[in-house]
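Heads up: the structure comes next, in structure tokens.
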Amino acid sequence: MAAVQDGQLNMEVEKDIKTEITNDGSGNINANSSSPGSTSSGGKSKSPAGSGEDQQTLLAVLQFLKRNKLTESVDILRREAGLSADADDSPVSDSAGAGSGGVPNVSADGGDANSLLSRVSIATPVAPPATAPPKATGSMASGGEDQPDVNVVLSAYSQQGDPVLYPLYYNGLKKFIESVLDCHRAELSQVFYPLFVHMYLELVYNNHENEAKQFFEKFSGDQECYYEEDLRILSSMSKKEHMKGNETMLDFRTSKFVLRISRDSYQLLKRHLQERQNNQIWNIIQEHLYIDIFDGMPRSKSQIDAMSGSLAGEGKRDANKAKVFYGLLKEPEIEVPLDDEDEEAENEEGKPKKKKPKKDSMGSKSKKQDPNAPQQTRIPLPELKDSDKLDKIMNMKEATKKIRLSPDNLPSICFYSFLNAYQGLTAVDFTDDSSLIAGGFADSTVRVWSVTPKKLRRVKSAADLSNIDKESDDVLERIMDEKTASESKILYGHSGPVYGISFSPDRNYLLSSSEDGTVRLWSLQTFTCLVGYKGHNYPVWDTQFSPYGYYFISGGHDRVARLWATDHYQPLRMFAGHLADITCTLFHPNSNYVATGSADRTIRLWDVLTGNCVRILTGHKGPIHSLAFSPNGKFMASGATDGRVLLWDVGHGLMVGELKGHSDTIYALKFSRDGEILASGSMDNTVKLWDTLKAFDDVELDDFTAATGHIHLPENSQELLLGTYMTKSTPVIHLHFTRRNLLLAAGAYNP
Amino acid sequence: MAEERRPKQCTVVLPTESMKAMAESIGVGQLQEESCAALSEEVSYRIKEIAQDALKFMHHGKRRKLTTSDIDHALKLKNVEPLYGFQSQEFIPFRFASGGGRELHFYEEKEVDLSDIINTPLPRVPLDVSLKAHWLSIEGVQPAIPENPPPGEMSVCVCFPSFSIIYLSKAAFFTKQPHFHHVYIFTVYIPSHFFPLHFPSAPKEQQKAESTEPLKVVKPGQEEEGSIQKGQGAISAEAKGKKEGLMRMKPRSTHELSVEQQLYYKEITEACVGSCEAKRAEALQSIATDPGLYQMLPRFSTFISEGVRVNVVQNNLALLIYLMRMVKALMDNPTLYLEKYLHELIPAVVTCIVSKQLCLRPDVDNHWALRDFAARLMAQSCKTFSTTTNNIQSRITKTFTKSWLDEKTQWTTRYGCIAGLSELGPDVIKTLILPRLTVEGARIKAVSEGPVVSNIDKIGADHVQSLLLKHCASVIAKTRPLPDNMEQYRADYGYLGPTLCSHVVKARAQAALQAQQVNRTTLTITQPRPTLTVSQSGIGGSGGSRSPSIIKVPSSLTLMSTRPGTPTQPSPPATKYIVMATSAGASSTQQVITLSSSSGSSVTSTVASATSTLQPLVKLESRGAGGLGGSRPLQKYIVVSLPTSASSSLESKSGMLPPSSSSTSPISLEAGMKMDRSDSPGASTQSPH
């Protein structure tokens, strides 16, 4: 990191640089190690104050002279002081003088100021610390005492800058960045947004309400459009009191905004700031930004845009370095009995036939252990029951009849419309064998439908069950109460809208998560609630069963994803790290990992075993509402409110594709059973099919891109789009591929 | 970085007046200005915060509309006591009040009497949630079923490269505006197999709208296609200059039939022309009733047109009959709108009416029945599809008349022409056929009483005679005053007079008998009556500006829905009459009145006239029988003159199917449609008074 040092550094800021170097040297400062930050800020406020004293008086004198129209003296004094005496100097000193004089002359002519900003940033940076302090410190102290907790968090905002100068600083930097070489400009432009946010928050925190407003108005338009949501939240925050309870604000403060910048660009920026002694900005960069410096070519604008957009910048590179075992677990070896069609038909009716699955090997392909797969026993999985084995056999049989999908052979789509739902349908799930559909509704109910001729029946009551001959062959049939047979059942229990719903793989259970903060486990034998899992105190947005059953994940407004086991009333793991609501959850096909999508516009992958976050995937520009793993576990797709689907390589932690085409939130994503086709369903009433084989083929992953993560995405959404199917004013909220690769879609008809 | 400035998102703050008003509403008077300002800022911030949270609930509820429950949940999230009270499904409007210099928006909260609520009957229980499955796509193709949206919304429009015929006609509705007097509308007829086949199960209205109002369907941004028409001659260029926007073409969209549809098409067509009559009946039934045939319509249309073309040459009478029955079935299908395919169907039908030879042994085979049947079809399609822009009826009438007037026309064609004309209704008979009875009678006489004639000519003459007698007798029975004097008839109608007289007497007797026996509905069915009620007064010329409304008389409805394939009595031409007559040689008394005021120049115009109910039918009839048409003050006859020298140059191409070369006949009418133009539209619409 020695290269960071610069020959032309000013003596006055040497101290700062040293702290900076230590930071950089350690490479990855922990986000919570705020001590270096605070010391540096303390040191800083001293040193510029000393240096600024002279200049400050000078400026005051200058202003006095000006006010008395003694232009000659002004010029002379300026020449003597070594300040550049250009013709257009006078307005500069005007605005600077006004600022230092404590008169909030914010209405300074924008055009005038703009043209001179670079100059101002030379002349004024050191002035403010000396002038403003009394007011700022006072307010800070008073605000700090009554709320100690928040104060800790907010204290870093007690910068004592002159509010009037903030726009000038910002503009100076803007001018500079616009003037640098193209290749650096894109990278350095990333600084704007976090800088803007933090400067705004500083202004608000220090009670410069009007200045904050003006600052916001002036520069909010410059920010990238995908930050609009956050800007809206920021804009409503105009008082210090507002900051206390605001989560978004806390997010900005407690987490460092991560930027990836090439070394060259970074040095350019640093040199500039130090030359101009622009401590205000430098402090913000030091304290609130984490700059991830890499060696190599600066990234292009499109590369940066692809990765940015999250609430807290990009994921750090080392955050995605951990090894992920994305391979699939070995399938248990089950002999597929060579039954004739009759027996199979019986099975489809669910008549459990007695079979003796021999433990002989059935094929060599499943014998080999995938090198990328986790160990079979990495996490304990439930043992297969007989019924599970039967189901597996069914699955394999169905799989042999599976349609091979390809761009020339698209799947048929069967659409299940929920009629008379009155805008109340909030979640849908299909069982893996596509025999049942469950819907969660805003009226707190969960409804289960059977889509096969087999009706839903309840198990008989205990008294009746005792009369049954337990030795009889069809005991499983006898325990069902024929009187209760119906095509659908309603499950009552929640006290708020049901937002997430998931069938267990064995079709015996159903999970539902609700606004009331609970996750409920329902039995599909008795159609009653078995357990209410309490842990989330806020709405639970999504829940999902593990592909092997037993475990499930839930995530909600409290930003913590919880891993549960069905027989524990307390969570086994808590995955904390997201900066906003967890909006969707999904298990990896090998059940060793859990993916969560969040309103902070990141996707995190968590290791179930250790509880660590192993991937942070950024690039979405809106809250993520759907996730899907490819069947081989290697890739992931995610869809967000921005209408884009992003494809990820889980092993490398890289974005490998972007599918544009939807015009509204994508609520449903699913890979076909062989992973050749990705189906996406959206609020814009369409189902789209994408050629994922081609998408993954088109990406060439050389070592460099794999190492740096700077992937260049091909612009090929249109080539990859295989089909668009409009529904009749029916938003698509769930998709499911049957075992034979028929696509099922579901949504509520909104006439 | 420098995006365009977005609209300001901050600084929306509730006005302090609202704070004051709210404070007053809870009993706090005299709130200080500063407190108001502070409050309003705080309140604005909190409201924004809650709204942002509520949005989350909306998103997770998978809705586009924020509901009150979302707000409730957001409040709960903030640990704020929720809002209690009734939830209103509907939007409650703000009321506005002003006074004392203050403006106030408020909700009107009415006091509700509990007993009212209790006593009101319970609202209907809303329907329960239910599941319905349908195919959104079958192997990548979206089936055209009502559950799916019409694919037209997504179809990519391709510029259509060529067009076959430009059909030029005077837009009747422009005549209202004098400065548009010479503006022509270009409608481009595109071969049917290129036809845009979107809207597979589109309602008939939509199909109609598409085909009759091409200008409205054209998507924006395609005006430039009009430039393709460069070189269409001076007229088009001139018209372009005047009305650029009118020259547009329909976009082409490719369309494929699904496998099922292909199978269906194959089965149906095979059954229709196959040997099994039962199968054919089924197939025709299917064509006449299936609501989803729109996609296959162009195929059917081409099938029929090609079939006629080939089988006329081969004189395959049976197949021609089958094909005509298919046409009948297509026309009977209430979900199909055939207008776009008339350019194929009409030539085929007309060929079957007037072709010189339709069968291998004209002396034995009953090709006359086919001609009759096709003539009825023609009449039916005239009635259904004739509009002021396509003028089908007038052009068909012209075609028939011209060919009939030709001395060299063979008896077969002559028969067809007369049949075709007679089926167009009593008015046509009255104005066109009755005046020529004498001439025709002489011709028949020459054949039947002359010395050397071929057997074929003899049979032809016989058939023409019986045809004339059949149609004319009923008309004369209604229009000619009593008594029926044999000699008078001979004087009026020549050779056919005496026979005609006896037929008329018979017809009168029958009508009287039926009037006694049968109720009125059936009466109108069996005795198609000329019923003209005038829909417009005075300035009748503008009548054409209205698209002709086709009001179906109950009786005609029953007739329209007759079983496919069975030739039945066609319904009376209910609504529209285009009467053609040579202005010079008009002889009938009524027509003299009509034509006396007409300029005699070549004019074409139509007027829509609506038949109202059955009641007037009877009244009119009785009056018509009693006196002359002159006693009907409101009636208006629309006179379409025959081609005279003024327009004959244009008509030269149109001609009817040349009896000699029947293989080319299906095209000839298309050509006839090409230049159908008249000079002073609307000028000749006249009232008999």
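Every chain in the structure tokens takes a letter, A first, then B, and so on in the order presented; its residues are numbered from 1, and the ligands are numbered from 1 following the presented order.
Secondary structure from DSSP on the backbone puts strand (DSSP E) at the following positions of region 127-320 of chain A: Phe257, Val258, Leu259, Arg260, Ile261, Ser262, Leu289, Tyr290, Ile291, Asp292, Ile293 and Phe294 of chain A.
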Output of the above residues as a PDB file, in the first residue's frame, restricted to N, CA, C and O atoms:
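Output file again20.pdb is given in full below:
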```pdb
ATOM      1  N   PHE A 257     -20.210   2.027   3.030  1.00  0.00           N
ATOM      2  CA  PHE A 257     -20.579   1.872   1.626  1.00  0.00           C
ATOM      3  C   PHE A 257     -19.353   1.333   0.894  1.00  0.00           C
ATOM      4  O   PHE A 257     -18.280   1.926   0.941  1.00  0.00           O
ATOM      5  N   VAL A 258     -19.513   0.215   0.244  1.00  0.00           N
ATOM      6  CA  VAL A 258     -18.361  -0.434  -0.366  1.00  0.00           C
ATOM      7  C   VAL A 258     -18.249  -0.033  -1.833  1.00  0.00           C
ATOM      8  O   VAL A 258     -19.207  -0.144  -2.589  1.00  0.00           O
ATOM      9  N   LEU A 259     -17.092   0.442  -2.189  1.00  0.00           N
ATOM     10  CA  LEU A 259     -16.829   0.795  -3.580  1.00  0.00           C
ATOM     11  C   LEU A 259     -15.637  -0.010  -4.051  1.00  0.00           C
ATOM     12  O   LEU A 259     -14.694  -0.223  -3.308  1.00  0.00           O
ATOM     13  N   ARG A 260     -15.705  -0.445  -5.274  1.00  0.00           N
ATOM     14  CA  ARG A 260     -14.514  -1.072  -5.860  1.00  0.00           C
ATOM     15  C   ARG A 260     -13.906  -0.092  -6.841  1.00  0.00           C
ATOM     16  O   ARG A 260     -14.566   0.334  -7.781  1.00  0.00           O
ATOM     17  N   ILE A 261     -12.686   0.267  -6.591  1.00  0.00           N
ATOM     18  CA  ILE A 261     -12.038   1.252  -7.457  1.00  0.00           C
ATOM     19  C   ILE A 261     -10.644   0.735  -7.778  1.00  0.00           C
ATOM     20  O   ILE A 261      -9.966   0.165  -6.918  1.00  0.00           O
ATOM     21  N   SER A 262     -10.236   0.938  -8.985  1.00  0.00           N
ATOM     22  CA  SER A 262      -8.890   0.510  -9.353  1.00  0.00           C
ATOM     23  C   SER A 262      -7.879   1.438  -8.691  1.00  0.00           C
ATOM     24  O   SER A 262      -8.179   2.586  -8.361  1.00  0.00           O
ATOM     25  N   LEU A 289     -16.927   5.225   3.915  1.00  0.00           N
ATOM     26  CA  LEU A 289     -16.788   4.437   2.707  1.00  0.00           C
ATOM     27  C   LEU A 289     -15.710   3.383   2.908  1.00  0.00           C
ATOM     28  O   LEU A 289     -14.725   3.605   3.596  1.00  0.00           O
ATOM     29  N   TYR A 290     -15.951   2.272   2.309  1.00  0.00           N
ATOM     30  CA  TYR A 290     -14.908   1.262   2.274  1.00  0.00           C
ATOM     31  C   TYR A 290     -14.494   1.134   0.825  1.00  0.00           C
ATOM     32  O   TYR A 290     -15.293   0.756  -0.022  1.00  0.00           O
ATOM     33  N   ILE A 291     -13.264   1.513   0.578  1.00  0.00           N
ATOM     34  CA  ILE A 291     -12.843   1.460  -0.812  1.00  0.00           C
ATOM     35  C   ILE A 291     -12.002   0.218  -1.027  1.00  0.00           C
ATOM     36  O   ILE A 291     -10.950   0.043  -0.428  1.00  0.00           O
ATOM     37  N   ASP A 292     -12.523  -0.617  -1.862  1.00  0.00           N
ATOM     38  CA  ASP A 292     -11.892  -1.896  -2.157  1.00  0.00           C
ATOM     39  C   ASP A 292     -11.009  -1.663  -3.373  1.00  0.00           C
ATOM     40  O   ASP A 292     -11.502  -1.508  -4.482  1.00  0.00           O
ATOM     41  N   ILE A 293      -9.705  -1.587  -3.140  1.00  0.00           N
ATOM     42  CA  ILE A 293      -8.811  -1.219  -4.235  1.00  0.00           C
ATOM     43  C   ILE A 293      -8.304  -2.465  -4.931  1.00  0.00           C
ATOM     44  O   ILE A 293      -7.920  -3.438  -4.274  1.00  0.00           O
ATOM     45  N   PHE A 294      -8.359  -2.438  -6.206  1.00  0.00           N
ATOM     46  CA  PHE A 294      -7.814  -3.586  -6.937  1.00  0.00           C
ATOM     47  C   PHE A 294      -6.802  -3.103  -7.961  1.00  0.00           C
ATOM     48  O   PHE A 294      -6.816  -1.949  -8.382  1.00  0.00           O
TER      49      PHE A 294
END
```
Practice problem: Please report as a ChimeraX atom specification which residues of chain A come no farther than 7 Å from chain B, using only C-alpha atoms. | Solution: /A:189,217,221-224,232,235-237,409-421,423,426,499,538,723,725-728
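Taking CA of Ser729 (chain A) and CA of Glu256 (chain B) as the two end points, the separation is 25.1 Å.
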Exercise. Find the residues near Leu627 (chain A): any atom within 7 Å, counting only C-alpha atoms, skip ones fewer than 3 places away on the same chain, and give them as a PyMOL selection string.
Key: chain A and resi 586+637-639+669
Quiz prompt | All helix (DSSP H, G or I) residues (DSSP, backbone) inside region 332-560 of chain A, as a PyMOL selection string | solution = chain A and resi 341-348+386-400+462-465+475-478
Produce a file of the selected residues containing N, CA and C atoms, as an mmCIF file, in the first residue's frame.
```
data_model
loop_
_atom_site.group_PDB
_atom_site.id
_atom_site.type_symbol
_atom_site.label_atom_id
_atom_site.label_comp_id
_atom_site.auth_asym_id
_atom_site.auth_seq_id
_atom_site.Cartn_x
_atom_site.Cartn_y
_atom_site.Cartn_z
ATOM 1 N N GLU A 341 -47.263 -50.701 -16.471
ATOM 2 C CA GLU A 341 -48.019 -49.453 -16.418
ATOM 3 C C GLU A 341 -49.134 -49.481 -15.381
ATOM 4 N N ASP A 342 -49.729 -50.641 -15.205
ATOM 5 C CA ASP A 342 -50.853 -50.718 -14.286
ATOM 6 C C ASP A 342 -50.452 -50.299 -12.886
ATOM 7 N N GLU A 343 -49.346 -50.867 -12.486
ATOM 8 C CA GLU A 343 -48.928 -50.564 -11.124
ATOM 9 C C GLU A 343 -48.619 -49.092 -10.970
ATOM 10 N N GLU A 344 -48.070 -48.573 -12.036
ATOM 11 C CA GLU A 344 -47.714 -47.173 -11.944
ATOM 12 C C GLU A 344 -48.964 -46.306 -11.818
ATOM 13 N N ALA A 345 -49.945 -46.717 -12.559
ATOM 14 C CA ALA A 345 -51.185 -45.964 -12.481
ATOM 15 C C ALA A 345 -51.723 -45.993 -11.064
ATOM 16 N N GLU A 346 -51.584 -47.141 -10.456
ATOM 17 C CA GLU A 346 -52.057 -47.238 -9.085
ATOM 18 C C GLU A 346 -51.269 -46.300 -8.178
ATOM 19 N N ASN A 347 -49.991 -46.261 -8.440
ATOM 20 C CA ASN A 347 -49.178 -45.403 -7.608
ATOM 21 C C ASN A 347 -49.593 -43.962 -7.738
ATOM 22 N N GLU A 348 -49.939 -43.623 -8.929
ATOM 23 C CA GLU A 348 -50.305 -42.233 -9.130
ATOM 24 C C GLU A 348 -51.544 -41.881 -8.326
ATOM 25 N N ASP A 386 -39.977 -44.922 4.146
ATOM 26 C CA ASP A 386 -40.411 -45.770 3.031
ATOM 27 C C ASP A 386 -41.210 -44.966 2.015
ATOM 28 N N SER A 387 -42.039 -44.099 2.550
ATOM 29 C CA SER A 387 -42.892 -43.335 1.632
ATOM 30 C C SER A 387 -42.028 -42.392 0.793
ATOM 31 N N ASP A 388 -40.959 -41.885 1.396
ATOM 32 C CA ASP A 388 -40.067 -41.015 0.632
ATOM 33 C C ASP A 388 -39.435 -41.782 -0.508
ATOM 34 N N LYS A 389 -39.075 -43.014 -0.202
ATOM 35 C CA LYS A 389 -38.434 -43.813 -1.251
ATOM 36 C C LYS A 389 -39.413 -44.077 -2.382
ATOM 37 N N LEU A 390 -40.639 -44.360 -1.986
ATOM 38 C CA LEU A 390 -41.647 -44.567 -3.021
ATOM 39 C C LEU A 390 -41.752 -43.332 -3.897
ATOM 40 N N ASP A 391 -41.738 -42.203 -3.225
ATOM 41 C CA ASP A 391 -41.872 -40.964 -3.975
ATOM 42 C C ASP A 391 -40.681 -40.756 -4.890
ATOM 43 N N LYS A 392 -39.527 -41.097 -4.395
ATOM 44 C CA LYS A 392 -38.329 -40.974 -5.219
ATOM 45 C C LYS A 392 -38.454 -41.852 -6.468
ATOM 46 N N ILE A 393 -38.979 -43.033 -6.258
ATOM 47 C CA ILE A 393 -39.135 -43.940 -7.393
ATOM 48 C C ILE A 393 -40.092 -43.344 -8.402
ATOM 49 N N MET A 394 -41.182 -42.813 -7.868
ATOM 50 C CA MET A 394 -42.142 -42.151 -8.756
ATOM 51 C C MET A 394 -41.457 -41.049 -9.545
ATOM 52 N N ASN A 395 -40.676 -40.295 -8.796
ATOM 53 C CA ASN A 395 -39.990 -39.168 -9.398
ATOM 54 C C ASN A 395 -39.099 -39.626 -10.549
ATOM 55 N N MET A 396 -38.368 -40.692 -10.293
ATOM 56 C CA MET A 396 -37.465 -41.179 -11.336
ATOM 57 C C MET A 396 -38.244 -41.660 -12.546
ATOM 58 N N LYS A 397 -39.349 -42.319 -12.257
ATOM 59 C CA LYS A 397 -40.140 -42.826 -13.373
ATOM 60 C C LYS A 397 -40.678 -41.674 -14.213
ATOM 61 N N GLU A 398 -41.165 -40.693 -13.495
ATOM 62 C CA GLU A 398 -41.675 -39.528 -14.220
ATOM 63 C C GLU A 398 -40.548 -38.891 -15.020
ATOM 64 N N ALA A 399 -39.389 -38.879 -14.403
ATOM 65 C CA ALA A 399 -38.271 -38.201 -15.048
ATOM 66 C C ALA A 399 -37.913 -38.864 -16.369
ATOM 67 N N THR A 400 -38.144 -40.159 -16.446
ATOM 68 C CA THR A 400 -37.822 -40.818 -17.706
ATOM 69 C C THR A 400 -38.778 -40.378 -18.809
ATOM 70 N N ALA A 462 -59.382 -39.699 16.631
ATOM 71 C CA ALA A 462 -58.669 -40.719 17.408
ATOM 72 C C ALA A 462 -59.587 -41.870 17.792
ATOM 73 N N ALA A 463 -60.806 -41.521 18.153
ATOM 74 C CA ALA A 463 -61.737 -42.563 18.578
ATOM 75 C C ALA A 463 -62.010 -43.536 17.440
ATOM 76 N N ASP A 464 -62.187 -42.964 16.273
ATOM 77 C CA ASP A 464 -62.468 -43.822 15.124
ATOM 78 C C ASP A 464 -61.244 -44.631 14.735
ATOM 79 N N LEU A 465 -60.101 -44.003 14.912
ATOM 80 C CA LEU A 465 -58.879 -44.692 14.485
ATOM 81 C C LEU A 465 -58.654 -45.956 15.297
ATOM 82 N N VAL A 475 -54.478 -50.216 5.471
ATOM 83 C CA VAL A 475 -54.696 -49.434 6.682
ATOM 84 C C VAL A 475 -54.548 -47.937 6.407
ATOM 85 N N LEU A 476 -53.633 -47.630 5.497
ATOM 86 C CA LEU A 476 -53.426 -46.211 5.202
ATOM 87 C C LEU A 476 -54.646 -45.608 4.531
ATOM 88 N N GLU A 477 -55.337 -46.466 3.832
ATOM 89 C CA GLU A 477 -56.560 -45.992 3.185
ATOM 90 C C GLU A 477 -57.686 -45.888 4.209
ATOM 91 N N ARG A 478 -57.681 -46.800 5.118
ATOM 92 C CA ARG A 478 -58.786 -46.848 6.076
ATOM 93 C C ARG A 478 -58.761 -45.696 7.064
#
```
Quiz item: So how far away is CA of Leu336 (chain B) from CA of Lys383 (chain B), in Å?
Solution: 15.6 Å
Practice problem: Within 10 Å of Arg559 (chain A), counting only C-alpha atoms, which residues show up once you throw out same-chain ones fewer than 3 positions away? Write them as a PyMOL selection string, please. | Solution: chain A and resi 536+538+540+555-556+562+575-583+598-600
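Residues in contact with Val614 (chain A) at 10 Å, where only C-alpha atoms are counted and same-chain residues fewer than 6 positions away are skipped, are listed as A:Asp318, A:Ala319, A:Asn320, A:Lys321, A:Ala322, A:Lys323, A:Val324, A:Tyr593, A:Val594, A:Ala595, A:Arg604, A:Leu605, A:Trp606, A:Asp607, A:Val650, A:Gly653.
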Filtering to N, CA, C and O atoms, could you give me those residues as a PDB file, in the first residue's frame?
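The result, stored in again10.pdb:
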```
ATOM      1  N   ASP A 318     -13.495  -9.939  -0.975  1.00  0.00           N
ATOM      2  CA  ASP A 318     -13.164 -11.085  -0.134  1.00  0.00           C
ATOM      3  C   ASP A 318     -14.399 -11.684   0.518  1.00  0.00           C
ATOM      4  O   ASP A 318     -14.339 -12.772   1.063  1.00  0.00           O
ATOM      5  N   ALA A 319     -15.523 -10.965   0.421  1.00  0.00           N
ATOM      6  CA  ALA A 319     -16.741 -11.547   0.981  1.00  0.00           C
ATOM      7  C   ALA A 319     -17.213 -12.724   0.144  1.00  0.00           C
ATOM      8  O   ALA A 319     -17.952 -13.575   0.627  1.00  0.00           O
ATOM      9  N   ASN A 320     -16.787 -12.761  -1.091  1.00  0.00           N
ATOM     10  CA  ASN A 320     -17.235 -13.836  -1.976  1.00  0.00           C
ATOM     11  C   ASN A 320     -16.149 -14.860  -2.238  1.00  0.00           C
ATOM     12  O   ASN A 320     -16.187 -15.584  -3.210  1.00  0.00           O
ATOM     13  N   LYS A 321     -15.152 -14.858  -1.375  1.00  0.00           N
ATOM     14  CA  LYS A 321     -14.023 -15.757  -1.642  1.00  0.00           C
ATOM     15  C   LYS A 321     -14.231 -17.143  -1.038  1.00  0.00           C
ATOM     16  O   LYS A 321     -13.587 -18.104  -1.458  1.00  0.00           O
ATOM     17  N   ALA A 322     -15.072 -17.228  -0.056  1.00  0.00           N
ATOM     18  CA  ALA A 322     -15.219 -18.510   0.625  1.00  0.00           C
ATOM     19  C   ALA A 322     -15.669 -19.580  -0.352  1.00  0.00           C
ATOM     20  O   ALA A 322     -16.379 -19.306  -1.318  1.00  0.00           O
ATOM     21  N   LYS A 323     -15.233 -20.795  -0.066  1.00  0.00           N
ATOM     22  CA  LYS A 323     -15.606 -21.889  -0.961  1.00  0.00           C
ATOM     23  C   LYS A 323     -17.055 -22.283  -0.709  1.00  0.00           C
ATOM     24  O   LYS A 323     -17.496 -22.408   0.432  1.00  0.00           O
ATOM     25  N   VAL A 324     -17.750 -22.446  -1.796  1.00  0.00           N
ATOM     26  CA  VAL A 324     -19.139 -22.902  -1.679  1.00  0.00           C
ATOM     27  C   VAL A 324     -19.248 -24.259  -2.352  1.00  0.00           C
ATOM     28  O   VAL A 324     -18.838 -24.418  -3.498  1.00  0.00           O
ATOM     29  N   TYR A 593     -26.911 -24.749   1.911  1.00  0.00           N
ATOM     30  CA  TYR A 593     -26.851 -23.289   1.840  1.00  0.00           C
ATOM     31  C   TYR A 593     -28.256 -22.716   1.726  1.00  0.00           C
ATOM     32  O   TYR A 593     -29.182 -23.403   1.300  1.00  0.00           O
ATOM     33  N   VAL A 594     -28.317 -21.480   2.115  1.00  0.00           N
ATOM     34  CA  VAL A 594     -29.591 -20.786   2.047  1.00  0.00           C
ATOM     35  C   VAL A 594     -29.348 -19.444   1.380  1.00  0.00           C
ATOM     36  O   VAL A 594     -28.389 -18.758   1.710  1.00  0.00           O
ATOM     37  N   ALA A 595     -30.185 -19.098   0.436  1.00  0.00           N
ATOM     38  CA  ALA A 595     -30.072 -17.801  -0.212  1.00  0.00           C
ATOM     39  C   ALA A 595     -31.194 -16.912   0.273  1.00  0.00           C
ATOM     40  O   ALA A 595     -32.330 -17.368   0.432  1.00  0.00           O
ATOM     41  N   ARG A 604     -27.802 -12.660  -0.360  1.00  0.00           N
ATOM     42  CA  ARG A 604     -26.737 -13.272   0.428  1.00  0.00           C
ATOM     43  C   ARG A 604     -26.938 -14.776   0.432  1.00  0.00           C
ATOM     44  O   ARG A 604     -28.060 -15.270   0.449  1.00  0.00           O
ATOM     45  N   LEU A 605     -25.808 -15.443   0.429  1.00  0.00           N
ATOM     46  CA  LEU A 605     -25.846 -16.891   0.527  1.00  0.00           C
ATOM     47  C   LEU A 605     -25.232 -17.255   1.871  1.00  0.00           C
ATOM     48  O   LEU A 605     -24.152 -16.768   2.225  1.00  0.00           O
ATOM     49  N   TRP A 606     -25.933 -18.046   2.623  1.00  0.00           N
ATOM     50  CA  TRP A 606     -25.496 -18.377   3.978  1.00  0.00           C
ATOM     51  C   TRP A 606     -25.189 -19.868   4.048  1.00  0.00           C
ATOM     52  O   TRP A 606     -25.885 -20.679   3.444  1.00  0.00           O
ATOM     53  N   ASP A 607     -24.171 -20.157   4.830  1.00  0.00           N
ATOM     54  CA  ASP A 607     -23.823 -21.550   5.054  1.00  0.00           C
ATOM     55  C   ASP A 607     -24.641 -22.054   6.239  1.00  0.00           C
ATOM     56  O   ASP A 607     -24.578 -21.497   7.334  1.00  0.00           O
ATOM     57  N   VAL A 650     -22.826 -19.402  -8.652  1.00  0.00           N
ATOM     58  CA  VAL A 650     -22.725 -19.493  -7.205  1.00  0.00           C
ATOM     59  C   VAL A 650     -21.295 -19.797  -6.792  1.00  0.00           C
ATOM     60  O   VAL A 650     -20.777 -19.230  -5.841  1.00  0.00           O
ATOM     61  N   GLY A 653     -19.310 -16.675  -7.322  1.00  0.00           N
ATOM     62  CA  GLY A 653     -19.921 -15.472  -6.776  1.00  0.00           C
ATOM     63  C   GLY A 653     -19.999 -14.353  -7.779  1.00  0.00           C
ATOM     64  O   GLY A 653     -19.768 -13.187  -7.459  1.00  0.00           O
TER      65      GLY A 653
END
```
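The shell of residues at most 9 Å from Val428 (chain A), with only C-alpha atoms counted and near chain neighbours (fewer than 3 positions) removed, consists of Leu425, Ile437, Ala438, Gly439, Gly440, Gly500, Ile501, Ser502, Ile733, His734, Leu735, Ala746 and Gly747 of chain A.
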Emit the selected residues as a CSV table (one decimal), in the first residue's frame, including C-alpha atoms.
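Just written: again.csv:
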```csv
chain,number,residue,atom,x,y,z
A,425,LEU,CA,-53.9,-13.8,-3.2
A,437,ILE,CA,-51.7,-26.2,-4.8
A,438,ALA,CA,-51.7,-24.0,-1.8
A,439,GLY,CA,-52.6,-20.3,-1.7
A,440,GLY,CA,-52.0,-17.8,1.0
A,500,GLY,CA,-45.1,-17.0,2.3
A,501,ILE,CA,-46.1,-20.6,1.8
A,502,SER,CA,-44.2,-23.8,1.2
A,733,ILE,CA,-46.9,-15.0,-8.8
A,734,HIS,CA,-45.7,-18.6,-8.9
A,735,LEU,CA,-44.2,-20.9,-11.4
A,746,ALA,CA,-50.5,-19.4,-11.0
A,747,GLY,CA,-51.9,-16.0,-10.3
```
